[in-house]
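Trainee: My structure file start_11.cif, mmCIF, C-alpha atoms and all ligand atoms, is below:
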```cif
data_upload
#
loop_
_atom_site.label_atom_id
_atom_site.label_comp_id
_atom_site.auth_asym_id
_atom_site.auth_seq_id
_atom_site.Cartn_x
_atom_site.Cartn_y
_atom_site.Cartn_z
CA MET A 1 54.57 58.84 171.09
CA LYS A 2 57.49 57.95 168.84
CA ILE A 3 58.66 59.09 165.42
CA THR A 4 58.59 56.23 162.92
CA ASP A 5 59.74 57.88 159.69
CA ILE A 6 60.75 61.14 158.01
CA LYS A 7 60.15 61.89 154.34
CA VAL A 8 60.91 64.69 151.93
CA VAL A 9 58.13 65.31 149.39
CA ARG A 10 59.30 67.27 146.34
CA ASN A 11 57.65 68.28 143.13
CA ARG A 12 58.77 66.21 140.14
CA LYS A 13 56.73 68.24 137.66
CA PRO A 14 57.45 71.97 137.55
CA VAL A 15 55.01 74.57 138.86
CA ILE A 16 54.58 76.80 135.80
CA LEU A 17 54.18 80.53 136.39
CA PRO A 18 51.62 82.40 134.23
CA GLU A 19 54.32 84.95 133.38
CA ALA A 20 58.13 84.93 133.68
CA TRP A 21 59.36 86.52 136.90
CA GLN A 22 62.72 88.14 137.63
CA PRO A 23 63.37 89.06 141.26
CA ALA A 24 65.66 92.03 141.80
CA TRP A 25 68.02 90.04 144.02
CA GLN A 26 69.04 87.72 141.18
CA MET A 27 69.65 90.41 138.60
CA PRO A 28 71.51 90.60 136.30
CA ASP A 29 72.90 87.07 136.53
CA VAL A 30 69.81 84.92 136.34
CA GLU A 31 67.27 84.64 133.54
CA PRO A 32 63.62 85.36 134.40
CA ARG A 33 62.07 82.37 136.14
CA LYS A 34 59.25 80.52 134.41
CA THR A 35 58.84 77.70 136.91
CA MET A 36 59.04 77.09 140.64
CA GLY A 37 59.24 74.03 142.85
CA PHE A 38 58.53 72.96 146.39
CA SER A 39 59.86 70.65 149.05
CA ILE A 40 58.05 69.55 152.19
CA ILE A 41 59.29 67.57 155.18
CA THR A 42 56.83 65.12 156.72
CA ILE A 43 57.41 63.42 160.07
CA HIS A 44 55.37 60.30 160.86
CA THR A 45 54.54 58.85 164.27
CA ASP A 46 53.32 55.59 165.79
CA GLU A 47 50.06 57.33 166.77
CA GLY A 48 49.13 58.12 163.18
CA ILE A 49 49.83 61.85 163.51
CA THR A 50 51.92 63.40 160.74
CA GLY A 51 53.74 66.72 161.05
CA VAL A 52 54.48 68.90 158.03
CA GLY A 53 57.04 71.66 157.53
CA PRO A 54 58.48 73.57 154.56
CA GLY A 55 62.07 72.60 153.78
CA ARG A 56 64.62 70.62 151.83
CA LEU A 57 66.99 67.85 152.89
CA SER A 58 69.41 65.85 150.75
CA GLU A 59 69.24 62.04 150.81
CA THR A 60 72.38 61.91 152.97
CA ASN A 61 71.09 64.39 155.51
CA LEU A 62 67.68 62.75 155.56
CA GLU A 63 69.30 59.40 156.45
CA ARG A 64 71.43 61.11 159.13
CA LEU A 65 68.37 62.73 160.60
CA LYS A 66 66.43 59.47 160.66
CA GLY A 67 69.25 58.08 162.81
CA VAL A 68 68.58 60.85 165.33
CA LEU A 69 64.80 61.16 165.21
CA VAL A 70 63.31 57.71 164.57
CA GLY A 71 62.19 56.50 168.00
CA PHE A 72 62.28 60.07 169.41
CA ASP A 73 59.27 61.57 171.21
CA PRO A 74 58.24 64.58 169.04
CA LEU A 75 56.84 66.43 172.04
CA TYR A 76 60.47 66.97 173.14
CA VAL A 77 60.89 69.52 170.37
CA GLU A 78 62.88 71.88 172.60
CA ALA A 79 65.36 69.09 173.42
CA PHE A 80 65.80 68.41 169.70
CA TRP A 81 66.24 72.13 168.97
CA GLN A 82 68.77 72.60 171.82
CA ASN A 83 70.85 69.51 171.25
CA TYR A 84 70.71 69.00 167.54
CA ILE A 85 69.92 72.36 165.93
CA CYS A 86 71.40 74.95 168.26
CA GLN A 87 74.32 73.44 170.16
CA SER A 88 75.65 71.13 167.47
CA GLY A 89 75.08 73.74 164.77
CA GLY A 90 72.84 71.39 162.81
CA ARG A 91 75.88 69.22 161.97
CA GLY A 92 76.56 71.24 158.86
CA ILE A 93 73.02 71.26 157.50
CA THR A 94 72.74 74.87 156.37
CA GLY A 95 70.77 77.35 154.31
CA ARG A 96 67.55 76.31 152.71
CA GLU A 97 68.43 72.70 153.28
CA SER A 98 67.39 73.40 156.75
CA LEU A 99 66.52 71.90 160.08
CA GLY A 100 64.00 74.70 160.52
CA GLY A 101 61.50 72.68 158.48
CA VAL A 102 62.07 69.70 160.79
CA ASP A 103 61.51 71.86 163.87
CA THR A 104 58.30 73.17 162.25
CA ALA A 105 57.04 69.66 161.47
CA LEU A 106 57.67 68.70 165.13
CA TRP A 107 55.59 71.68 166.31
CA ASP A 108 52.89 70.61 163.85
CA ILE A 109 52.79 67.24 165.60
CA VAL A 110 52.67 68.90 169.04
CA GLY A 111 49.63 70.96 168.02
CA LYS A 112 47.87 68.05 166.33
CA THR A 113 48.42 65.87 169.42
CA VAL A 114 46.40 68.25 171.61
CA GLY A 115 44.09 69.51 168.85
CA LYS A 116 45.14 73.18 169.02
CA PRO A 117 46.99 75.63 166.77
CA VAL A 118 50.55 76.10 168.06
CA TYR A 119 50.11 79.75 169.07
CA LYS A 120 47.46 78.76 171.60
CA LEU A 121 49.90 76.30 173.20
CA LEU A 122 52.74 78.83 173.33
CA GLY A 123 50.50 81.55 174.79
CA ALA A 124 48.28 83.39 172.31
CA TYR A 125 48.35 87.18 172.13
CA ARG A 126 46.31 87.91 168.97
CA ASP A 127 44.33 86.17 166.21
CA ARG A 128 45.15 88.47 163.29
CA VAL A 129 48.54 89.82 162.18
CA PRO A 130 49.20 92.74 159.79
CA VAL A 131 51.02 91.87 156.57
CA TYR A 132 53.22 93.89 154.31
CA ILE A 133 53.02 93.19 150.60
CA ALA A 134 56.47 92.26 149.34
CA THR A 135 57.15 93.00 145.69
CA ALA A 136 60.28 91.61 144.07
CA GLN A 137 60.76 93.03 140.59
CA LEU A 138 62.02 96.37 139.32
CA HIS A 139 59.42 98.33 137.34
CA SER A 140 58.85 101.96 136.38
CA PRO A 141 57.70 104.49 139.02
CA GLU A 142 54.23 104.59 137.37
CA GLU A 143 53.81 100.82 137.41
CA HIS A 144 54.83 100.58 141.07
CA ALA A 145 52.50 103.42 142.02
CA LYS A 146 49.55 101.77 140.24
CA GLU A 147 50.26 98.42 141.87
CA ALA A 148 50.58 100.01 145.34
CA VAL A 149 47.21 101.76 144.97
CA ALA A 150 45.58 98.47 143.93
CA PHE A 151 46.99 96.68 147.01
CA ARG A 152 45.86 99.53 149.23
CA GLU A 153 42.33 99.26 147.83
CA GLN A 154 42.39 95.55 148.69
CA GLY A 155 43.18 96.46 152.30
CA ALA A 156 46.98 96.28 152.52
CA ARG A 157 48.52 98.94 154.74
CA ALA A 158 52.20 98.37 153.95
CA ILE A 159 54.26 97.59 150.85
CA LYS A 160 57.91 96.77 150.20
CA LEU A 161 59.79 97.97 147.13
CA ARG A 162 63.17 96.79 145.81
CA LEU A 163 66.07 99.11 145.17
CA HIS A 164 69.45 98.91 143.42
CA ARG A 165 68.62 99.88 139.88
CA PRO A 166 71.75 100.36 137.74
CA ASN A 167 71.71 104.07 138.66
CA TYR A 168 70.93 104.15 142.38
CA LYS A 169 69.40 107.62 142.09
CA ASP A 170 66.56 106.12 139.98
CA ASP A 171 65.39 104.16 143.02
CA LEU A 172 64.23 107.32 144.71
CA ALA A 173 61.82 108.21 141.90
CA VAL A 174 60.02 104.91 142.53
CA VAL A 175 59.69 105.49 146.27
CA GLN A 176 58.54 109.08 145.66
CA ALA A 177 55.92 107.96 143.10
CA VAL A 178 54.51 105.34 145.46
CA ARG A 179 54.45 107.79 148.37
CA ASP A 180 52.60 110.35 146.22
CA ALA A 181 50.11 107.72 145.05
CA VAL A 182 49.24 106.08 148.38
CA GLY A 183 49.50 109.09 150.68
CA PRO A 184 50.93 109.19 154.19
CA ASP A 185 49.03 106.35 155.87
CA MET A 186 50.48 103.37 153.99
CA ASN A 187 53.88 102.26 155.24
CA ILE A 188 56.57 101.87 152.59
CA MET A 189 59.49 99.56 153.19
CA VAL A 190 62.46 99.23 150.87
CA ASP A 191 64.91 96.40 150.41
CA GLY A 192 68.43 97.26 149.24
CA ASN A 193 69.23 93.51 148.88
CA GLN A 194 72.84 94.34 149.66
CA ASN A 195 73.40 91.06 151.45
CA ASN A 196 72.95 89.09 148.23
CA TRP A 197 75.70 87.48 146.25
CA SER A 198 74.98 87.44 142.52
CA PRO A 199 78.42 87.48 140.90
CA SER A 200 77.79 90.67 138.87
CA TYR A 201 76.02 92.48 141.67
CA LYS A 202 77.22 96.04 142.08
CA HIS A 203 77.20 96.37 145.84
CA TRP A 204 76.89 99.83 147.31
CA PRO A 205 79.77 101.19 149.32
CA ARG A 206 78.88 102.59 152.76
CA ARG A 207 78.82 106.11 151.28
CA ILE A 208 75.93 105.30 148.89
CA ALA A 209 74.04 103.37 151.57
CA MET A 210 74.24 106.43 153.84
CA TRP A 211 73.16 108.81 151.03
CA MET A 212 70.22 106.52 150.27
CA ALA A 213 69.25 106.15 153.93
CA LYS A 214 69.02 109.91 154.43
CA LYS A 215 66.93 110.39 151.27
CA LEU A 216 64.59 107.52 152.20
CA ASP A 217 64.23 108.85 155.73
CA ALA A 218 63.01 112.15 154.27
CA LEU A 219 60.38 110.19 152.28
CA ASP A 220 59.10 108.71 155.55
CA VAL A 221 60.12 105.16 154.67
CA TYR A 222 59.26 102.70 157.47
CA TYR A 223 62.32 100.50 157.19
CA PHE A 224 65.39 100.07 155.01
CA GLU A 225 66.24 96.40 154.65
CA ASP A 226 69.72 95.07 153.89
CA PRO A 227 71.32 98.43 153.06
CA LEU A 228 74.74 96.79 153.53
CA PRO A 229 76.03 93.23 153.89
CA LEU A 230 74.89 91.63 157.14
CA ARG A 231 78.48 91.18 158.35
CA ASP A 232 79.15 94.92 158.17
CA LEU A 233 78.00 95.54 161.73
CA GLU A 234 79.83 98.86 162.00
CA GLY A 235 78.37 100.21 158.73
CA LEU A 236 74.85 99.14 159.70
CA LYS A 237 75.24 100.72 163.11
CA GLN A 238 76.29 104.05 161.54
CA LEU A 239 73.13 103.98 159.39
CA ALA A 240 70.87 103.06 162.31
CA ASN A 241 72.29 105.99 164.29
CA ALA A 242 71.98 108.47 161.41
CA VAL A 243 68.27 108.09 160.57
CA ASP A 244 64.86 107.88 162.24
CA MET A 245 63.51 105.04 160.09
CA TYR A 246 64.31 101.48 161.09
CA ILE A 247 67.24 99.57 159.64
CA SER A 248 66.29 95.92 159.13
CA GLY A 249 67.75 92.66 157.89
CA GLY A 250 68.73 89.19 158.94
CA GLU A 251 66.92 86.83 156.56
CA HIS A 252 70.26 85.05 156.07
CA ALA A 253 71.28 85.05 159.74
CA GLN A 254 71.85 81.51 160.83
CA ASP A 255 71.29 81.23 164.57
CA ILE A 256 70.02 83.01 167.68
CA PHE A 257 73.55 84.16 168.58
CA GLN A 258 73.93 86.04 165.29
CA PHE A 259 70.52 87.67 165.80
CA ALA A 260 71.47 88.65 169.34
CA SER A 261 74.69 90.30 168.06
CA LEU A 262 72.80 92.18 165.35
CA LEU A 263 70.36 93.55 167.93
CA VAL A 264 72.66 94.19 170.88
CA SER A 265 75.34 95.87 168.75
CA GLY A 266 72.79 98.40 167.49
CA ALA A 267 73.34 97.29 163.86
CA LEU A 268 69.65 96.50 163.28
CA ASP A 269 66.40 97.90 164.70
CA ILE A 270 64.29 95.14 163.13
CA VAL A 271 65.43 91.56 162.57
CA GLU A 272 63.90 89.28 159.97
CA THR A 273 63.84 85.71 161.19
CA ASP A 274 63.22 83.05 158.57
CA ILE A 275 62.20 79.63 159.87
CA THR A 276 63.80 77.82 156.93
CA ILE A 277 66.69 79.95 155.58
CA GLY A 278 68.08 80.46 159.05
CA SER A 279 69.21 76.88 159.32
CA ARG A 280 69.44 76.91 163.11
CA ILE A 281 66.24 78.90 163.74
CA GLY A 282 62.95 77.10 163.05
CA MET A 283 59.81 78.09 164.95
CA THR A 284 61.58 77.47 168.26
CA GLY A 285 64.42 79.88 167.44
CA ALA A 286 62.09 82.48 165.91
CA LYS A 287 60.14 82.64 169.17
CA LYS A 288 63.38 83.10 171.16
CA VAL A 289 64.60 85.88 168.83
CA ALA A 290 61.25 87.67 169.20
CA HIS A 291 61.78 87.76 172.97
CA ILE A 292 65.37 88.95 172.67
CA ALA A 293 64.04 91.82 170.51
CA GLU A 294 61.22 92.47 172.96
CA ALA A 295 63.62 92.80 175.89
CA LEU A 296 65.79 95.23 173.92
CA GLY A 297 62.86 97.37 172.75
CA LYS A 298 63.46 96.20 169.16
CA ARG A 299 61.31 94.37 166.63
CA VAL A 300 60.99 91.29 164.43
CA VAL A 301 59.33 91.07 161.03
CA PRO A 302 59.35 87.43 159.87
CA HIS A 303 60.81 86.79 156.42
CA VAL A 304 58.64 84.39 154.43
CA THR A 305 60.13 82.98 151.24
CA THR A 306 58.67 82.95 147.76
CA GLY A 307 57.37 79.80 146.10
CA PRO A 308 54.71 77.15 146.53
CA ASN A 309 56.02 76.37 150.05
CA LYS A 310 54.73 79.80 150.98
CA GLY A 311 51.43 78.62 152.51
CA LEU A 312 53.15 76.33 155.01
CA HIS A 313 55.93 78.83 155.68
CA LEU A 314 53.45 81.65 156.26
CA ALA A 315 51.23 79.51 158.51
CA ALA A 316 54.16 78.50 160.71
CA SER A 317 55.51 82.08 160.87
CA LEU A 318 52.06 83.32 161.93
CA GLN A 319 51.87 80.79 164.77
CA VAL A 320 54.95 82.46 166.27
CA ALA A 321 54.00 86.06 165.39
CA ALA A 322 50.62 85.61 167.11
CA THR A 323 52.33 85.02 170.45
CA VAL A 324 53.78 88.55 170.66
CA PRO A 325 52.17 92.00 170.49
CA GLU A 326 52.21 94.24 167.44
CA TRP A 327 54.96 96.49 168.76
CA VAL A 328 57.30 93.47 168.87
CA CYS A 329 56.14 92.05 165.51
CA PRO A 330 54.33 94.74 163.48
CA TYR A 331 54.16 92.77 160.21
CA VAL A 332 54.64 89.43 158.51
CA GLU A 333 55.96 89.31 154.93
CA TYR A 334 53.36 88.46 152.28
CA ILE A 335 54.78 88.25 148.77
CA ARG A 336 52.33 89.13 146.03
CA GLU A 337 53.28 90.09 142.51
CA PRO A 338 50.61 89.26 139.96
CA PRO A 339 50.39 87.73 137.47
CA ALA A 340 53.36 85.50 138.44
CA LEU A 341 53.09 85.42 142.22
CA THR A 342 49.49 85.02 143.26
CA VAL A 343 47.56 83.02 145.83
CA GLU A 344 47.12 80.37 143.10
CA THR A 345 50.87 79.92 142.48
CA GLN A 346 52.06 80.45 146.07
CA GLN A 347 49.48 78.78 148.28
CA PHE A 348 47.95 75.94 146.27
CA LEU A 349 49.53 73.32 148.54
CA ILE A 350 47.26 74.23 151.45
CA LYS A 351 43.51 73.63 151.48
CA GLU A 352 42.51 77.11 152.63
CA PRO A 353 44.78 79.92 151.42
CA ILE A 354 45.72 82.62 153.93
CA LEU A 355 44.22 85.89 152.65
CA PHE A 356 44.51 89.41 154.00
CA GLY A 357 41.35 91.36 154.72
CA LYS A 358 40.28 94.99 154.51
CA ASP A 359 42.09 95.59 157.81
CA GLY A 360 45.42 94.66 156.16
CA CYS A 361 45.72 91.60 158.42
CA VAL A 362 45.69 87.84 157.88
CA PRO A 363 43.94 85.48 160.28
CA VAL A 364 46.18 83.11 162.22
CA PRO A 365 45.34 79.64 160.81
CA GLN A 366 43.18 77.80 163.33
CA LYS A 367 43.52 74.10 162.50
CA PRO A 368 45.60 72.00 164.93
CA GLY A 369 49.39 72.29 164.56
CA ILE A 370 50.71 75.00 162.26
CA GLY A 371 47.08 75.58 161.35
CA VAL A 372 46.74 74.38 157.78
CA GLU A 373 46.08 71.14 155.90
CA ILE A 374 47.91 69.96 152.79
CA ASN A 375 45.73 69.77 149.71
CA GLU A 376 46.61 66.20 148.74
CA GLU A 377 44.69 66.40 145.44
CA THR A 378 46.73 69.37 144.21
CA LEU A 379 49.96 67.96 145.61
CA LYS A 380 49.51 64.76 143.61
CA LYS A 381 49.44 66.69 140.34
CA TYR A 382 53.08 67.67 140.81
CA LEU A 383 54.51 64.32 142.02
MG MG B 1 65.22 90.82 151.87
#
```
Represent the structure contained in this file as structure tokens.
Mentor:
Amino acid sequence: MKITDIKVVRNRKPVILPEAWQPAWQMPDVEPRKTMGFSIITIHTDEGITGVGPGRLSETNLERLKGVLVGFDPLYVEAFWQNYICQSGGRGITGRESLGGVDTALWDIVGKTVGKPVYKLLGAYRDRVPVYIATAQLHSPEEHAKEAVAFREQGARAIKLRLHRPNYKDDLAVVQAVRDAVGPDMNIMVDGNQNNWSPSYKHWPRRIAMWMAKKLDALDVYYFEDPLPLRDLEGLKQLANAVDMYISGGEHAQDIFQFASLLVSGALDIVETDITIGSRIGMTGAKKVAHIAEALGKRVVPHVTTGPNKGLHLAASLQVAATVPEWVCPYVEYIREPPALTVETQQFLIKEPILFGKDGCVPVPQKPGIGVEINEETLKKYL
């Protein structure tokens, strides 16, 4: 089999959200978002099989990549990952303009070639994976508590809240209200978003991060994500040593070596691989990081981005998560914040949306490849 072409399919018409949405990590610099977009990479072969992955590539990088991949056998995905993504550092293709989407599209071809979902080729461990509901906006304690109870009634068993309100002490009232409302058997995660870079962001010094960590630990928080910038290995390590809850992060980590350092140094207990933001990760790298964590007695919780690419991103992340047991990968991120972020706005690009059940888990998509099919009818509306 040979690759004949690579394309990037982007929306030309905006995806309009039912209500404006302002994620905590962009505040206060960015206006509430009223629209979203998507970008998909498709890889075509001489056998009529097409692989799909979530991701962006500029015209220049797309042409460069065609030079490498046209004529290449897509079943040699590990060779592509080793030589082009890992060792050469992706030749400067970074961030969300990522080779992770290319790696994912190659795995999609591998699965479609043999008619199986990828996790069954890699060695399946489970068919359902627990999700945590990721919220993104800053609301009042009462609003968060009400929302958490509603998710719990739908079956969710874990929820993530954002911190860093202007007065950091106000964050605790939100966590306390949600804990009081949902009781002890729903896990609460919090995200400090301290690895973000909005120009007016008031980053916490280590002293506040430590104060917060101790207070959150007393509220039985499951993990504290990005309490400090990712490069502050020493500060993260001090936090991880000071509390019982897990310290997590890594959505912006770029390669397996950075993840290995974060884990081996003791800076993080849980790493959050992202198959597209981590430009040198992809599904291949995410699987490797899961095994590094496994060998160290640590954990991975895949980071899955917001937006209409979500369905593809989630499907691919689940194919990897399903190859390891729950103690290695206890959750996959599932963003849900109605009325803006719903199944309708986040998963319309795939034919069958991935929904969590009363057990708080999602099924691993079972179609060949990454497990889902593009809804061509809906896609067309945005081209
Ligand atoms: Mg985060």
Trainee: Which of these residues is nearest to Glu333 of chain A, using all atoms listed in the file: A:Val129, A:Val364, A:Val70, A:Ile292?
Mentor: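 Among the listed residues, A:Val129 lies closest to Glu333 of chain A.
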Trainee: What do you get as a VMD selection string if you pick all residues at most 10 Å from ligand MG 1 (chain B), counting all atoms listed in the file?
Mentor: chain A and resid 25 134 136 160 162 190 to 196 224 to 227 248 to 252 272 303 to 305 333
Trainee: Residues within 8 Å of (59.0, 75.6, 155.5), file coordinates, counting all atoms listed in the file: what are they? Give the list as a list in words.
Mentor: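 Residues with an atom at most 8 Å from (59.0, 75.6, 155.5): Ile40, Gly53, Pro54, Gly55, Gly100, Gly101, Thr104, Ile275, Thr276, Asn309, Lys310, Leu312, His313 and Ala316 of chain A.
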Trainee: Of the candidates A:Ala177, A:Ile270, A:Met1, A:Leu62, which shows the shortest atom-to-atom distance to Leu99 of chain A, using all atoms listed in the file?
Mentor: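 Closest to Leu99 of chain A, using all atoms listed in the file: A:Leu62.
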Trainee: For Lys66 of chain A, which residue out of A:Val8, A:Ala79, A:Val110, A:Val243 is the nearest one, using all atoms listed in the file?
Mentor: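 So, comparing all the options, the nearest one is A:Val8.
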Trainee: One decimal, in Å: what's the spacing between atom CA of Thr4 of chain A and atom CA of Asn61 of chain A?
Mentor: 16.7 Å
Trainee: With only C-alpha atoms as the atoms that count, which of A:Lys237, A:Lys381, A:Arg126, A:His44 lies nearest to Met210 of chain A?
Mentor: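 Under the stated criterion, the closest residue is A:Lys237.
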Trainee: How many Å lie between atom CA of Ala24 of chain A and atom CA of Asp171 of chain A, rounded to one decimal?
Mentor: 12.2 Å
Trainee: From the options A:Arg179, A:Lys34, A:Ile49, A:Glu97, which residue's atoms come nearest to Gly115 of chain A, counting all atoms listed in the file?
Mentor: A:Ile49
Trainee: For atom CA of Thr45 of chain A and atom CA of Asp5 of chain A, quote the distance in Å rounded to one decimal.
Mentor: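 Going from atom CA of Thr45 of chain A over to atom CA of Asp5 of chain A, I get 7.0 Å.
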Trainee: I'd like the neighbourhood of Leu161 of chain A as a compact mmCIF listing (two decimals) with C-alpha atoms, in the frame of the given file, where a residue qualifies if any of its atoms comes within 12 Å (using all atoms listed in the file), though same-chain residues fewer than 4 positions away should be ignored.
Mentor:
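In the end it all went to selection.txt:
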```
# COMPACT_ATOMS: atom_id res chain seq x y z
CA PRO A 23 63.37 89.06 141.26
CA ALA A 24 65.66 92.03 141.80
CA TRP A 25 68.02 90.04 144.02
CA TYR A 132 53.22 93.89 154.31
CA ILE A 133 53.02 93.19 150.60
CA ALA A 134 56.47 92.26 149.34
CA THR A 135 57.15 93.00 145.69
CA ALA A 136 60.28 91.61 144.07
CA GLN A 137 60.76 93.03 140.59
CA LEU A 138 62.02 96.37 139.32
CA HIS A 139 59.42 98.33 137.34
CA SER A 140 58.85 101.96 136.38
CA PRO A 141 57.70 104.49 139.02
CA GLU A 143 53.81 100.82 137.41
CA HIS A 144 54.83 100.58 141.07
CA ALA A 145 52.50 103.42 142.02
CA GLU A 147 50.26 98.42 141.87
CA ALA A 148 50.58 100.01 145.34
CA ARG A 165 68.62 99.88 139.88
CA ASP A 171 65.39 104.16 143.02
CA LEU A 172 64.23 107.32 144.71
CA ALA A 173 61.82 108.21 141.90
CA VAL A 174 60.02 104.91 142.53
CA VAL A 175 59.69 105.49 146.27
CA GLN A 176 58.54 109.08 145.66
CA ALA A 177 55.92 107.96 143.10
CA VAL A 178 54.51 105.34 145.46
CA ARG A 179 54.45 107.79 148.37
CA ASN A 187 53.88 102.26 155.24
CA ILE A 188 56.57 101.87 152.59
CA MET A 189 59.49 99.56 153.19
CA VAL A 190 62.46 99.23 150.87
CA ASP A 191 64.91 96.40 150.41
CA GLY A 192 68.43 97.26 149.24
CA ASN A 193 69.23 93.51 148.88
CA LEU A 216 64.59 107.52 152.20
CA VAL A 221 60.12 105.16 154.67
CA TYR A 222 59.26 102.70 157.47
CA TYR A 223 62.32 100.50 157.19
CA PHE A 224 65.39 100.07 155.01
CA GLU A 225 66.24 96.40 154.65
CA ILE A 335 54.78 88.25 148.77
CA ARG A 336 52.33 89.13 146.03
CA GLU A 337 53.28 90.09 142.51
```
Trainee: Residues around (53.8, 80.2, 134.5), cut-off 12 Å, counting only C-alpha atoms - what are they as a list of chain:residue names?
Mentor: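 Here the neighbourhood of the point contains A:Pro14, A:Val15, A:Ile16, A:Leu17, A:Pro18, A:Glu19, A:Ala20, A:Trp21, A:Pro32, A:Arg33, A:Lys34, A:Thr35, A:Met36, A:Gly37, A:Pro338, A:Pro339, A:Ala340, A:Leu341, A:Thr342, A:Glu344, A:Thr345, A:Gln346.
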Trainee: Quick one: of A:Ser261, A:Gln154, A:Asn167, A:Ser198, who's nearest to Phe356 of chain A, counting all atoms listed in the file?
Mentor: A:Gln154
Trainee: When you look at Arg231 of chain A with a cut-off of 10 Å (counting only C-alpha atoms), what residues show up, excluding the ones that are within fewer than 5 positions of it in the same chain? I need them as a VMD selection string.
Mentor: chain A and resid 195 236 250 253 258 262 267
Trainee: Which neighbours of Leu65 of chain A fall inside 12 Å, counting only C-alpha atoms, when residues of the same chain fewer than 4 positions from it are skipped, and could you give them as a ChimeraX atom specification?
Mentor: /A:3-8,41,43,57-61,69-72,80,84-85,90-93,98-99,102-103
